[in-house]
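To be precise, the following lines are entry_0.cif, and they hold mmCIF, C-alpha atoms and all ligand atoms.
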```cif
data_target
loop_
_atom_site.group_PDB
_atom_site.id
_atom_site.type_symbol
_atom_site.label_atom_id
_atom_site.label_comp_id
_atom_site.auth_asym_id
_atom_site.auth_seq_id
_atom_site.Cartn_x
_atom_site.Cartn_y
_atom_site.Cartn_z
ATOM 1 C CA MET A 1 170.367 11.054 -44.210
ATOM 2 C CA VAL A 2 169.979 8.400 -41.499
ATOM 3 C CA PHE A 3 166.640 7.914 -39.718
ATOM 4 C CA GLU A 4 166.311 7.322 -35.973
ATOM 5 C CA ASP A 5 165.885 3.585 -36.473
ATOM 6 C CA GLY A 6 169.244 3.467 -38.277
ATOM 7 C CA THR A 7 167.829 3.338 -41.825
ATOM 8 C CA ARG A 8 170.239 5.084 -44.167
ATOM 9 C CA ALA A 9 167.971 6.711 -46.738
ATOM 10 C CA LEU A 10 170.374 8.961 -48.654
ATOM 11 C CA THR A 11 174.132 9.127 -49.197
ATOM 12 C CA GLY A 12 176.240 11.712 -51.017
ATOM 13 C CA ILE A 13 173.378 13.717 -52.498
ATOM 14 C CA ASP A 14 174.531 16.898 -54.200
ATOM 15 C CA LEU A 15 171.528 18.685 -55.589
ATOM 16 C CA ALA A 16 170.771 22.321 -56.348
ATOM 17 C CA VAL A 17 167.638 23.769 -57.909
ATOM 18 C CA ALA A 18 168.238 27.101 -59.636
ATOM 19 C CA PRO A 19 165.570 29.818 -59.466
ATOM 20 C CA GLY A 20 163.020 29.126 -62.166
ATOM 21 C CA GLU A 21 164.275 25.616 -62.849
ATOM 22 C CA LEU A 22 162.062 22.525 -62.814
ATOM 23 C CA VAL A 23 163.956 19.409 -61.752
ATOM 24 C CA THR A 24 162.355 15.963 -61.709
ATOM 25 C CA LEU A 25 163.366 12.945 -59.648
ATOM 26 C CA VAL A 26 162.688 9.473 -60.989
ATOM 27 C CA GLY A 27 163.714 6.277 -59.272
ATOM 28 C CA PRO A 28 162.542 2.954 -57.906
ATOM 29 C CA SER A 29 160.247 2.751 -54.900
ATOM 30 C CA GLY A 30 162.105 3.377 -51.646
ATOM 31 C CA CYS A 31 165.171 5.024 -53.226
ATOM 32 C CA GLY A 32 164.694 8.219 -51.210
ATOM 33 C CA LYS A 33 162.757 10.618 -53.449
ATOM 34 C CA THR A 34 160.230 11.688 -50.835
ATOM 35 C CA THR A 35 163.001 12.015 -48.265
ATOM 36 C CA ILE A 36 164.729 14.559 -50.540
ATOM 37 C CA LEU A 37 161.474 16.507 -50.845
ATOM 38 C CA ARG A 38 160.887 16.448 -47.106
ATOM 39 C CA LEU A 39 164.418 17.738 -46.556
ATOM 40 C CA ALA A 40 163.859 20.539 -49.083
ATOM 41 C CA ALA A 41 160.577 21.449 -47.364
ATOM 42 C CA GLY A 42 162.265 21.612 -43.962
ATOM 43 C CA LEU A 43 160.083 18.755 -42.653
ATOM 44 C CA LEU A 44 163.264 16.779 -41.939
ATOM 45 C CA ALA A 45 166.675 17.989 -40.819
ATOM 46 C CA PRO A 46 169.690 16.372 -42.492
ATOM 47 C CA THR A 47 171.751 14.148 -40.193
ATOM 48 C CA GLU A 48 174.880 14.785 -42.266
ATOM 49 C CA GLY A 49 175.924 17.452 -44.736
ATOM 50 C CA GLU A 50 174.412 20.786 -45.514
ATOM 51 C CA LEU A 51 171.136 21.991 -46.833
ATOM 52 C CA THR A 52 170.528 25.550 -47.934
ATOM 53 C CA VAL A 53 167.215 26.997 -48.965
ATOM 54 C CA ALA A 54 167.376 30.652 -50.058
ATOM 55 C CA ALA A 55 166.563 33.064 -47.226
ATOM 56 C CA ASP A 56 162.829 33.751 -46.924
ATOM 57 C CA ALA A 57 162.091 31.423 -49.821
ATOM 58 C CA THR A 58 158.441 30.468 -49.962
ATOM 59 C CA THR A 59 157.959 26.773 -50.514
ATOM 60 C CA SER A 60 154.757 24.953 -51.254
ATOM 61 C CA PHE A 61 153.861 21.283 -51.504
ATOM 62 C CA VAL A 62 151.562 19.340 -53.830
ATOM 63 C CA PHE A 63 150.903 15.702 -52.898
ATOM 64 C CA GLN A 64 149.303 12.825 -54.770
ATOM 65 C CA ASP A 65 146.300 13.320 -52.499
ATOM 66 C CA PRO A 66 145.011 16.870 -53.145
ATOM 67 C CA THR A 67 144.430 17.306 -49.348
ATOM 68 C CA LEU A 68 141.519 19.743 -49.713
ATOM 69 C CA LEU A 69 139.258 20.692 -46.827
ATOM 70 C CA GLU A 70 135.915 19.030 -47.602
ATOM 71 C CA TRP A 71 133.796 21.662 -45.868
ATOM 72 C CA ARG A 72 135.281 24.546 -47.844
ATOM 73 C CA THR A 73 134.515 25.468 -51.440
ATOM 74 C CA ALA A 74 137.284 25.391 -54.052
ATOM 75 C CA LEU A 75 137.638 29.155 -53.673
ATOM 76 C CA ARG A 76 137.874 29.007 -49.897
ATOM 77 C CA ASN A 77 140.391 26.159 -50.070
ATOM 78 C CA VAL A 78 142.684 28.338 -52.172
ATOM 79 C CA GLU A 79 141.931 31.414 -50.058
ATOM 80 C CA LEU A 80 143.140 29.579 -46.987
ATOM 81 C CA VAL A 81 146.739 30.315 -47.975
ATOM 82 C CA GLY A 82 146.060 34.068 -47.886
ATOM 83 C CA GLU A 83 144.213 33.689 -44.593
ATOM 84 C CA LEU A 84 147.158 31.934 -43.005
ATOM 85 C CA ARG A 85 149.479 34.643 -44.284
ATOM 86 C CA GLY A 86 147.226 37.396 -42.943
ATOM 87 C CA LEU A 87 146.398 38.975 -46.309
ATOM 88 C CA PRO A 88 143.434 41.360 -46.382
ATOM 89 C CA ARG A 89 140.194 39.633 -47.407
ATOM 90 C CA GLU A 90 139.838 41.324 -50.788
ATOM 91 C CA GLU A 91 143.391 40.590 -51.818
ATOM 92 C CA ARG A 92 143.284 36.955 -50.845
ATOM 93 C CA ARG A 93 139.978 36.515 -52.651
ATOM 94 C CA ALA A 94 141.299 38.194 -55.802
ATOM 95 C CA ARG A 95 144.406 36.024 -55.737
ATOM 96 C CA ALA A 96 142.438 32.837 -55.194
ATOM 97 C CA LEU A 97 140.068 33.691 -58.051
ATOM 98 C CA ALA A 98 143.003 34.407 -60.361
ATOM 99 C CA GLY A 99 144.657 31.146 -59.260
ATOM 100 C CA LEU A 100 141.549 29.089 -59.997
ATOM 101 C CA ASP A 101 141.110 30.869 -63.310
ATOM 102 C CA ALA A 102 144.706 29.971 -64.235
ATOM 103 C CA VAL A 103 143.984 26.263 -63.722
ATOM 104 C CA GLY A 104 140.743 26.428 -65.727
ATOM 105 C CA LEU A 105 138.358 26.339 -62.776
ATOM 106 C CA ALA A 106 136.783 29.796 -62.996
ATOM 107 C CA ASP A 107 133.348 28.137 -63.187
ATOM 108 C CA ALA A 108 133.860 25.798 -60.258
ATOM 109 C CA THR A 109 134.880 28.221 -57.517
ATOM 110 C CA ALA A 110 131.709 27.621 -55.461
ATOM 111 C CA LYS A 111 131.908 23.820 -55.591
ATOM 112 C CA HIS A 112 132.959 21.649 -52.698
ATOM 113 C CA PRO A 113 135.701 19.024 -53.214
ATOM 114 C CA ARG A 114 133.170 16.144 -53.272
ATOM 115 C CA GLN A 115 131.504 17.824 -56.289
ATOM 116 C CA LEU A 116 134.766 17.860 -58.256
ATOM 117 C CA SER A 117 136.479 15.122 -60.281
ATOM 118 C CA GLY A 118 139.927 13.864 -59.268
ATOM 119 C CA GLY A 119 141.556 15.993 -61.956
ATOM 120 C CA MET A 120 139.632 19.086 -60.821
ATOM 121 C CA ARG A 121 140.627 18.498 -57.202
ATOM 122 C CA MET A 122 144.254 18.300 -58.305
ATOM 123 C CA ARG A 123 143.810 21.594 -60.183
ATOM 124 C CA VAL A 124 142.579 23.201 -56.952
ATOM 125 C CA SER A 125 145.596 21.771 -55.164
ATOM 126 C CA ILE A 126 147.925 23.254 -57.814
ATOM 127 C CA ALA A 127 146.146 26.628 -57.628
ATOM 128 C CA ARG A 128 146.550 26.586 -53.839
ATOM 129 C CA ALA A 129 150.265 25.779 -54.138
ATOM 130 C CA LEU A 130 150.974 28.506 -56.678
ATOM 131 C CA VAL A 131 148.824 31.264 -55.172
ATOM 132 C CA SER A 132 151.603 32.153 -52.744
ATOM 133 C CA GLU A 133 154.011 32.556 -55.688
ATOM 134 C CA PRO A 134 156.516 30.071 -54.250
ATOM 135 C CA GLU A 135 160.198 30.269 -55.089
ATOM 136 C CA LEU A 136 160.289 26.507 -54.657
ATOM 137 C CA ALA A 137 157.327 24.253 -55.376
ATOM 138 C CA LEU A 138 157.609 20.628 -54.290
ATOM 139 C CA PHE A 139 155.525 17.999 -56.057
ATOM 140 C CA ASP A 140 155.313 14.435 -54.723
ATOM 141 C CA GLU A 141 153.830 12.318 -57.532
ATOM 142 C CA PRO A 142 150.897 14.717 -57.941
ATOM 143 C CA PHE A 143 149.427 12.995 -60.993
ATOM 144 C CA GLY A 144 150.104 9.398 -59.924
ATOM 145 C CA ALA A 145 146.500 8.563 -59.097
ATOM 146 C CA LEU A 146 144.901 10.097 -62.197
ATOM 147 C CA ASP A 147 143.809 8.417 -65.410
ATOM 148 C CA GLU A 148 146.094 8.799 -68.421
ATOM 149 C CA ILE A 149 144.135 11.499 -70.276
ATOM 150 C CA THR A 150 143.632 13.660 -67.170
ATOM 151 C CA ARG A 151 147.294 13.195 -66.416
ATOM 152 C CA LEU A 152 148.357 14.396 -69.879
ATOM 153 C CA HIS A 153 146.051 17.431 -69.556
ATOM 154 C CA LEU A 154 147.474 18.328 -66.176
ATOM 155 C CA GLN A 155 151.040 17.922 -67.436
ATOM 156 C CA THR A 156 150.256 20.430 -70.195
ATOM 157 C CA LEU A 157 148.591 22.770 -67.707
ATOM 158 C CA LEU A 158 151.522 22.629 -65.304
ATOM 159 C CA GLN A 159 153.961 23.109 -68.171
ATOM 160 C CA ASP A 160 152.086 26.257 -69.273
ATOM 161 C CA LEU A 161 151.937 27.589 -65.710
ATOM 162 C CA PHE A 162 155.638 26.936 -65.300
ATOM 163 C CA ALA A 163 156.495 28.651 -68.599
ATOM 164 C CA ALA A 164 154.519 31.726 -67.516
ATOM 165 C CA ARG A 165 155.666 31.944 -63.888
ATOM 166 C CA ARG A 166 159.011 30.188 -63.699
ATOM 167 C CA PHE A 167 159.037 28.971 -60.098
ATOM 168 C CA GLY A 168 161.812 26.645 -58.954
ATOM 169 C CA ALA A 169 160.455 23.129 -58.598
ATOM 170 C CA LEU A 170 161.341 19.628 -57.516
ATOM 171 C CA PHE A 171 158.923 17.107 -58.959
ATOM 172 C CA ILE A 172 158.761 13.392 -58.151
ATOM 173 C CA THR A 173 157.238 11.040 -60.678
ATOM 174 C CA HIS A 174 157.331 7.394 -61.674
ATOM 175 C CA SER A 175 156.597 8.360 -65.259
ATOM 176 C CA VAL A 176 159.676 8.894 -67.405
ATOM 177 C CA SER A 177 157.718 10.699 -70.136
ATOM 178 C CA GLU A 178 156.177 13.043 -67.544
ATOM 179 C CA ALA A 179 159.665 13.806 -66.231
ATOM 180 C CA VAL A 180 161.076 14.530 -69.679
ATOM 181 C CA TYR A 181 158.090 16.615 -70.803
ATOM 182 C CA LEU A 182 158.024 18.816 -67.721
ATOM 183 C CA SER A 183 161.561 19.320 -66.590
ATOM 184 C CA ASP A 184 164.787 21.089 -67.396
ATOM 185 C CA ARG A 185 166.742 18.264 -65.787
ATOM 186 C CA VAL A 186 165.855 14.685 -64.896
ATOM 187 C CA LEU A 187 167.696 13.181 -61.941
ATOM 188 C CA VAL A 188 167.741 9.403 -62.070
ATOM 189 C CA MET A 189 168.005 7.857 -58.635
ATOM 190 C CA GLY A 190 169.284 4.490 -57.540
ATOM 191 C CA PRO A 191 168.994 3.281 -53.941
ATOM 192 C CA GLY A 192 169.782 6.302 -51.733
ATOM 193 C CA THR A 193 171.712 8.204 -54.342
ATOM 194 C CA ILE A 194 171.509 10.224 -57.575
ATOM 195 C CA ALA A 195 172.894 7.918 -60.240
ATOM 196 C CA ALA A 196 172.599 10.117 -63.340
ATOM 197 C CA GLU A 197 171.478 13.495 -64.542
ATOM 198 C CA VAL A 198 169.875 14.114 -67.926
ATOM 199 C CA PRO A 199 169.383 17.683 -69.170
ATOM 200 C CA VAL A 200 166.287 18.283 -71.298
ATOM 201 C CA PRO A 201 167.124 20.725 -74.087
ATOM 202 C CA TRP A 202 163.754 22.239 -75.073
ATOM 203 C CA GLU A 203 162.682 25.760 -74.160
ATOM 204 C CA HIS A 204 159.415 26.412 -72.347
ATOM 205 C CA PRO A 205 156.575 26.635 -73.181
ATOM 206 C CA ARG A 206 156.590 23.160 -74.677
ATOM 207 C CA SER A 207 153.852 22.108 -76.993
ATOM 208 C CA PRO A 208 152.063 18.912 -75.925
ATOM 209 C CA GLU A 209 153.017 17.662 -79.396
ATOM 210 C CA VAL A 210 156.670 17.452 -78.371
ATOM 211 C CA ARG A 211 155.701 14.211 -76.604
ATOM 212 C CA TYR A 212 155.098 12.561 -79.957
ATOM 213 C CA THR A 213 158.428 13.417 -81.606
ATOM 214 C CA ALA A 214 161.347 11.098 -82.298
ATOM 215 C CA GLU A 215 163.669 13.265 -80.127
ATOM 216 C CA PHE A 216 161.296 12.829 -77.207
ATOM 217 C CA ALA A 217 161.190 9.051 -77.670
ATOM 218 C CA GLU A 218 164.976 8.992 -77.797
ATOM 219 C CA LEU A 219 165.340 10.971 -74.587
ATOM 220 C CA THR A 220 162.751 8.937 -72.672
ATOM 221 C CA GLY A 221 164.470 5.761 -73.907
ATOM 222 C CA HIS A 222 167.779 7.077 -72.610
ATOM 223 C CA VAL A 223 166.294 7.931 -69.183
ATOM 224 C CA SER A 224 164.531 4.548 -68.967
ATOM 225 C CA ARG A 225 167.781 2.744 -69.690
ATOM 226 C CA LEU A 226 169.600 4.742 -66.998
ATOM 227 C CA LEU A 227 166.770 3.981 -64.592
ATOM 228 C CA GLU A 228 167.068 0.282 -65.220
ATOM 229 C CA GLU A 229 170.838 0.409 -64.736
ATOM 230 C CA ALA A 230 170.476 2.384 -61.493
ATOM 231 C CA SER A 231 167.795 0.183 -59.913
HETATM 232 N N1 LIG B 301 160.660 8.081 -40.892
HETATM 233 C C1 LIG B 301 161.392 7.083 -41.369
HETATM 234 N N2 LIG B 301 162.045 6.223 -40.530
HETATM 235 C C2 LIG B 301 162.784 5.200 -41.028
HETATM 236 N N3 LIG B 301 162.966 4.962 -42.329
HETATM 237 C C3 LIG B 301 162.351 5.756 -43.209
HETATM 238 C C4 LIG B 301 161.527 6.857 -42.781
HETATM 239 N N4 LIG B 301 161.033 7.489 -43.877
HETATM 240 C C5 LIG B 301 161.524 6.814 -44.946
HETATM 241 N N5 LIG B 301 162.313 5.786 -44.536
HETATM 242 C C6 LIG B 301 163.068 4.853 -45.406
HETATM 243 O O1 LIG B 301 163.903 5.622 -46.241
HETATM 244 C C7 LIG B 301 163.957 5.044 -47.553
HETATM 245 C C8 LIG B 301 163.531 6.085 -48.585
HETATM 246 O O2 LIG B 301 162.127 6.366 -48.436
HETATM 247 P P1 LIG B 301 161.361 7.399 -49.379
HETATM 248 O O3 LIG B 301 159.963 7.501 -48.899
HETATM 249 O O4 LIG B 301 162.148 8.658 -49.471
HETATM 250 O O5 LIG B 301 161.403 6.633 -50.790
HETATM 251 P P2 LIG B 301 160.704 7.000 -52.181
HETATM 252 O O6 LIG B 301 161.764 6.920 -53.219
HETATM 253 O O7 LIG B 301 159.964 8.277 -52.074
HETATM 254 O O8 LIG B 301 159.678 5.789 -52.361
HETATM 255 P P3 LIG B 301 158.268 5.688 -53.158
HETATM 256 O O9 LIG B 301 158.589 5.854 -54.620
HETATM 257 O O10 LIG B 301 157.794 4.314 -52.838
HETATM 258 O O11 LIG B 301 157.370 6.772 -52.620
HETATM 259 C C9 LIG B 301 163.098 3.797 -47.510
HETATM 260 O O12 LIG B 301 163.943 2.704 -47.218
HETATM 261 C C10 LIG B 301 162.161 4.062 -46.348
HETATM 262 O O13 LIG B 301 161.749 2.842 -45.763
#
```

Final structure tokens representation of the file:
Amino acid sequence: MVFEDGTRALTGIDLAVAPGELVTLVGPSGCGKTTILRLAAGLLAPTEGELTVAADATTSFVFQDPTLLEWRTALRNVELVGELRGLPREERRARALAGLDAVGLADATAKHPRQLSGGMRMRVSIARALVSEPELALFDEPFGALDEITRLHLQTLLQDLFAARRFGALFITHSVSEAVYLSDRVLVMGPGTIAAEVPVPWEHPRSPEVRYTAEFAELTGHVSRLLEEAS
């Protein structure tokens, strides 16, 4: 992938996400993670090579900034997806309510974004992304701005949602433990390229306790070492 100004952002990337597989990308700043996500979302067209996204696949995006509409309640933010897709009012409302319930916000549906904490706003953003039942969900450092405890809670929540719904996902993070806990495969990037791939052996759902086991420490150590070598 070469940008108009001549910047070569990616070279020789060979990456496939299987249906129902969660793949994480870790790598140093500027190595091309977001560019891969933007390609997968169709926001960029590759300048070389081929990119295939399954026909009619629904994709959705979750960013570090929850990007909620301030003048809409949590419910109406999630409902927006159904509105844009032309779903009948009752159906889109029922789906949005179920989506907010699934992220633990059944009691906050009538609140506006300014009345919600950062973690709650991110939950709304996740509910909005998953309400359209995407085949491919794209996450660009969604938990990067949250405090550690909120981040751990949201990792567990996302893990549970993934275990129950099994959407395909590409997830960018700077946290090696987040990558290992959430994903089926960790891709370690160096500048413009995928330097290594580490499969994560555990079935979903994964207990939050897995993060405190010796096997987990070993795997995160392995990924961290690869990351250092690739940077
Ligand atoms: N529109 C653009 N035009 C020119 N160069 C770009 C453009 N977008 C990104 N780049 C360059 O492509 C490279 C990869 O950028 P990208 O945003 O994908 O990195 P990243 O790994 O997501 O970084 P970070 O972890 O800091 O978010 C960088 O050198 C960046 O400067």

- the PyMOL selection byres (((chain A and resi 165) around 12) and not hetatm) resolved against shown file, as a list in words: Pro19, Gly20, Glu21, Leu22, Gly99, Ala102, Leu130, Val131, Ser132, Glu133, Pro134, Glu135, Leu136, Ala137, Leu158, Gln159, Asp160, Leu161, Phe162, Ala163, Ala164, Arg166, Phe167, Gly168, Ala169, His204 and Pro205 of chain A

- Point-to-point distance in Å for CA of Met1 in chain A and CA of Ala45 in chain A: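 Going from CA of Ala45 in chain A over to CA of Met1 in chain A covers 8.6 Å.
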
- Write out as a count of residues only which residues come within 12 Å of Gly32 in chain A when counting all atoms listed in the file, dropping same-chain ones fewer than 5 positions away. 24

Could you give me the axis-aligned bounding box of range 65-79 of chain A, with 8 Å of padding per side, as centre plus edge lengths in Å to one decimal, as lines of an AutoDock Vina configuration file?
```
center_x = 140.0
center_y = 22.4
center_z = -50.0
size_x = 28.5
size_y = 34.1
size_z = 24.2
```

- Fewer than 2 positions away in the same chain doesn't count, so skip those; otherwise give me all residues within 12 Å of Met120 in chain A, counting all atoms listed in the file, as a PyMOL selection string. chain A and resi 66+68+74+100+103-109+111-118+122-127+143+146+150-151+153-154+157

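Ranking A:Thr24, A:Ser183, A:Ser231, A:Thr47 by their shortest atom-to-atom distance to Gly6 in chain A, with all atoms listed in the file included, puts A:Thr47 first.
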
- Query: Any idea what's packed within 10 Å of Gly221 in chain A, counting all atoms listed in the file, ignoring anything in its chain fewer than 6 positions away? Could you give it as a list of chain:residue names?
  - Reply: A:Val176, A:Ser177, A:Glu215, A:Leu227

Prev. selection, C-alpha atoms, output as a compact mmCIF listing (two decimals), in the coordinates of the input:
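Saved the output as part.txt:
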```
# COMPACT_ATOMS: atom_id res chain seq x y z
CA VAL A 176 159.68 8.89 -67.40
CA SER A 177 157.72 10.70 -70.14
CA GLU A 215 163.67 13.26 -80.13
CA LEU A 227 166.77 3.98 -64.59
```

- Message: Rounded to one decimal, what separation in Å do you get between atom C7 of ligand LIG 301 (chain B) and CA of Phe61 in chain A?
- Response: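 Those two atoms sit 19.5 Å apart.
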
- Coordinates-based distance that separates CA of Gly30 in chain A from atom O13 of ligand LIG 301 (chain B) (Å, one decimal):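 Going from atom O13 of ligand LIG 301 (chain B) over to CA of Gly30 in chain A, I get 5.9 Å.
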
- Test item: residues at most 12 Å from Gly82 in chain A, all atoms listed in the file, excluding those fewer than 2 positions along its chain, as a ChimeraX atom specification: /A:75-80,84-97,99,128-133

- Give the answer as one residue: which of A:Ala110, A:Glu50, A:Thr173, A:Ser60 has the shortest atom-to-atom distance to ligand LIG 301 (chain B), using only C-alpha atoms and all ligand atoms? A:Thr173

- Message: I'd like to see the residues matched by the PyMOL selection byres (((chain A and resi 184) around 8) and not hetatm) on this file, and ideally I'd get them as number ranges by chain.
- Response: A: 21-23, 180, 182-183, 185-186, 199-202

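Compared by their closest atoms to ligand LIG 301 (chain B), and using all atoms listed in the file, the residues A:Arg72, A:His174, A:His222, A:Arg121 rank with A:His174 nearest.
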
- Query: Using all atoms listed in the file, which of A:Asp65, A:Glu83, A:Asp14, A:Glu141 sits nearest ligand LIG 301 (chain B)?
  - Reply: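 Among A:Asp65, A:Glu83, A:Asp14, A:Glu141, it is A:Glu141 that comes nearest to ligand LIG 301 (chain B).
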
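Residue nearest ligand LIG 301 (chain B) within the list A:Thr73, A:Thr35, A:Ser224, A:Gln64: A:Thr35 [criterion: smallest interatomic distance, all atoms listed in the file].
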
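Using only C-alpha atoms, the smallest distance between any of A:Pro208, A:Gly119, A:Pro28, A:Gly42 and Ser175 in chain A comes from A:Pro28.
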
Neighbours of Thr52 in chain A within 12 Å (only C-alpha atoms; same-chain residues fewer than 3 positions away dropped), as a compact mmCIF listing (two decimals) with C-alpha atoms, keeping the file's coordinate frame?
```
# COMPACT_ATOMS: atom_id res chain seq x y z
CA ASP A 14 174.53 16.90 -54.20
CA LEU A 15 171.53 18.68 -55.59
CA ALA A 16 170.77 22.32 -56.35
CA VAL A 17 167.64 23.77 -57.91
CA LEU A 39 164.42 17.74 -46.56
CA ALA A 40 163.86 20.54 -49.08
CA ALA A 41 160.58 21.45 -47.36
CA GLY A 42 162.26 21.61 -43.96
CA ALA A 45 166.68 17.99 -40.82
CA PRO A 46 169.69 16.37 -42.49
CA GLY A 49 175.92 17.45 -44.74
CA ALA A 55 166.56 33.06 -47.23
CA ASP A 56 162.83 33.75 -46.92
CA ALA A 57 162.09 31.42 -49.82
```

Incomplete range 209-224 of chain A brought to N, CA and C atoms, written out as a compact mmCIF listing (two decimals), keeping the file's coordinate frame:
```txt
# COMPACT_ATOMS: atom_id res chain seq x y z
N GLU A 209 152.62 18.49 -78.25
CA GLU A 209 153.02 17.66 -79.40
C GLU A 209 154.46 17.16 -79.30
N VAL A 210 155.26 17.86 -78.50
CA VAL A 210 156.67 17.45 -78.37
C VAL A 210 156.77 16.00 -77.89
N ARG A 211 155.71 15.57 -77.16
CA ARG A 211 155.70 14.21 -76.60
C ARG A 211 155.61 13.14 -77.68
N TYR A 212 155.26 13.56 -78.89
CA TYR A 212 155.10 12.56 -79.96
C TYR A 212 156.22 12.64 -81.00
N THR A 213 157.33 13.30 -80.65
CA THR A 213 158.43 13.42 -81.61
C THR A 213 159.47 12.32 -81.38
N ALA A 214 160.29 12.12 -82.39
CA ALA A 214 161.35 11.10 -82.30
C ALA A 214 162.38 11.49 -81.23
N GLU A 215 162.68 12.80 -81.12
CA GLU A 215 163.67 13.26 -80.13
C GLU A 215 163.18 12.94 -78.72
N PHE A 216 161.87 13.09 -78.52
CA PHE A 216 161.30 12.83 -77.21
C PHE A 216 161.42 11.34 -76.88
N ALA A 217 161.10 10.51 -77.87
CA ALA A 217 161.19 9.05 -77.67
C ALA A 217 162.63 8.65 -77.36
N GLU A 218 163.56 9.31 -78.02
CA GLU A 218 164.98 8.99 -77.80
C GLU A 218 165.40 9.34 -76.37
N LEU A 219 164.96 10.53 -75.93
CA LEU A 219 165.34 10.97 -74.59
C LEU A 219 164.68 10.11 -73.50
N THR A 220 163.40 9.78 -73.69
CA THR A 220 162.75 8.94 -72.67
C THR A 220 163.39 7.54 -72.66
N GLY A 221 163.79 7.06 -73.84
CA GLY A 221 164.47 5.76 -73.91
C GLY A 221 165.78 5.80 -73.13
N HIS A 222 166.49 6.90 -73.30
CA HIS A 222 167.78 7.08 -72.61
C HIS A 222 167.57 7.08 -71.09
N VAL A 223 166.56 7.85 -70.63
CA VAL A 223 166.29 7.93 -69.18
C VAL A 223 165.85 6.56 -68.65
N SER A 224 165.01 5.87 -69.41
CA SER A 224 164.53 4.55 -68.97
C SER A 224 165.69 3.57 -68.82
```
